[in-house]
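*Asks:* Please find one structure pasted underneath; my questions will follow.
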Amino acid sequence: MFINHSKMTFDLKINFKGIEIKSGSINLISFLKINSRIANLINPICNFNVHVNFAETIIEGLQIIGEIDTVFNHKHFTIALMEFQKTYEKNWVGHFTYQDKVDVFTFNAPKFSVKKVN
């Protein structure tokens, strides 16, 4: 018997001109303008391209790659990703998939157009 569960998979990347932050830690809530629930769920699958220049951390890219075993509001997430693109004038590459007990959707960057898979 197949048990269908909710999950989201991510294969998203973005590169941008160096963003300087003063602290050594990156806060996803303020960096991507997402809520704490989404930030906590994707934090383990986020990887930043960084280097340290004296007192600042310079961020030059971000990858969100992996899977989480739950779903969150994909509309809020896609709006945040598109706003990030607009702010830094760079585009996301890749996609993410939303699967609940009924439907499977793929959201393709950079417009995050939705395609129903089933």
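Scheme for the structure tokens: letters A, B, ... for chains in order shown; per-chain residue numbers from 1; ligand numbers from 1 in order shown.
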Applying 8 Å and only C-alpha atoms, which residues near stretch 68-75 of chain A remain after dropping the ones on its own chain fewer than 2 positions away? List them as a list of chain:residue names.
*Replies:*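 Near stretch 68-75 of chain A, the qualifying residues are A:His5, A:Ser6, A:Lys7, A:Met8, A:Thr9, A:Ile38, A:Leu41, A:Ile42, A:Gly66, A:Phe77, A:Thr78, A:Ile79, A:Tyr98, A:Gln99, A:Asp100.
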*Asks:* I need the residues in chain A that are helix (DSSP H, G or I) according to DSSP; give them as JSON, numbers by chain.
*Replies:* {"A": [28, 29, 30, 31, 32, 36, 37, 38, 39, 40, 41, 42, 43, 44, 45, 74, 75, 76, 77, 78, 79, 80, 81, 82, 83, 84, 85, 86, 87, 88]}
*Asks:* From the set A:Ile34, A:Val50, A:Ala39, A:Leu62, which residue has the shortest atom-to-atom contact distance to A:Glu83, counting only C-alpha atoms?
*Replies:*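 Of all the options, A:Ile34 lies closest to A:Glu83.
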*Asks:* So which one's closest to A:Lys86, A:Ile64, A:Val104, A:Asn43, A:Phe16? Using only C-alpha atoms, please.
*Replies:* A:Phe16
*Asks:* Hey, which of A:Pro110, A:Gly61, A:Gly94, A:Pro44 ends up closest to A:Leu12? Count only C-alpha atoms.
*Replies:* A:Gly94
*Asks:* Quick one: DSSP strand (DSSP E or B) residues in chain A, as a PyMOL selection string?
*Replies:* chain A and resi 7-21+46-53+56-68+93-99+104-108+113-116
*Asks:* Pick out the closest residue to A:Lys13 from this set: A:Ile58, A:Val52, A:Ala80, A:Ile65. Count only C-alpha atoms.
*Replies:*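 Result for the nearest residue to A:Lys13: A:Ile65.
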*Asks:* Ranking A:Ile19, A:Ile26, A:Ile59, A:Ile14 by minimum distance to A:His95 and counting only C-alpha atoms, which one comes first?
*Replies:*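 Of the candidates, the smallest distance to A:His95 is held by A:Ile14.
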*Asks:* Find the residues near A:His51: any atom within 10 Å, counting only C-alpha atoms, skip ones fewer than 3 places away on the same chain, and give them as a ChimeraX atom specification.
*Replies:* /A:18,20,48,54,56-60
*Asks:* What does the file look like for those residues with N, CA and C atoms, as a PDB file, in the first residue's frame?
*Replies:*
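Written file, part24.pdb:
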```
ATOM      1  N   GLY A  18      28.141  40.811  -4.277  1.00  0.00           N
ATOM      2  CA  GLY A  18      28.323  40.658  -2.844  1.00  0.00           C
ATOM      3  C   GLY A  18      27.446  41.537  -1.978  1.00  0.00           C
ATOM      4  N   GLU A  20      27.025  42.669   1.864  1.00  0.00           N
ATOM      5  CA  GLU A  20      27.789  42.706   3.105  1.00  0.00           C
ATOM      6  C   GLU A  20      26.852  42.666   4.302  1.00  0.00           C
ATOM      7  N   PHE A  48      24.906  29.108   1.657  1.00  0.00           N
ATOM      8  CA  PHE A  48      25.319  30.425   1.181  1.00  0.00           C
ATOM      9  C   PHE A  48      26.741  30.365   0.658  1.00  0.00           C
ATOM     10  N   PHE A  54      37.589  41.108   6.491  1.00  0.00           N
ATOM     11  CA  PHE A  54      37.782  41.856   7.738  1.00  0.00           C
ATOM     12  C   PHE A  54      36.576  41.670   8.651  1.00  0.00           C
ATOM     13  N   GLU A  56      33.316  42.117   7.869  1.00  0.00           N
ATOM     14  CA  GLU A  56      32.048  41.805   7.206  1.00  0.00           C
ATOM     15  C   GLU A  56      32.073  40.400   6.609  1.00  0.00           C
ATOM     16  N   THR A  57      30.886  39.835   6.527  1.00  0.00           N
ATOM     17  CA  THR A  57      30.684  38.609   5.764  1.00  0.00           C
ATOM     18  C   THR A  57      30.079  39.029   4.437  1.00  0.00           C
ATOM     19  N   ILE A  58      30.660  38.572   3.334  1.00  0.00           N
ATOM     20  CA  ILE A  58      30.181  38.915   1.996  1.00  0.00           C
ATOM     21  C   ILE A  58      29.450  37.704   1.433  1.00  0.00           C
ATOM     22  N   ILE A  59      28.168  37.893   1.107  1.00  0.00           N
ATOM     23  CA  ILE A  59      27.349  36.814   0.545  1.00  0.00           C
ATOM     24  C   ILE A  59      27.267  37.026  -0.960  1.00  0.00           C
ATOM     25  N   GLU A  60      27.586  35.995  -1.726  1.00  0.00           N
ATOM     26  CA  GLU A  60      27.575  36.104  -3.183  1.00  0.00           C
ATOM     27  C   GLU A  60      26.611  35.133  -3.855  1.00  0.00           C
TER      28      GLU A  60
END
```
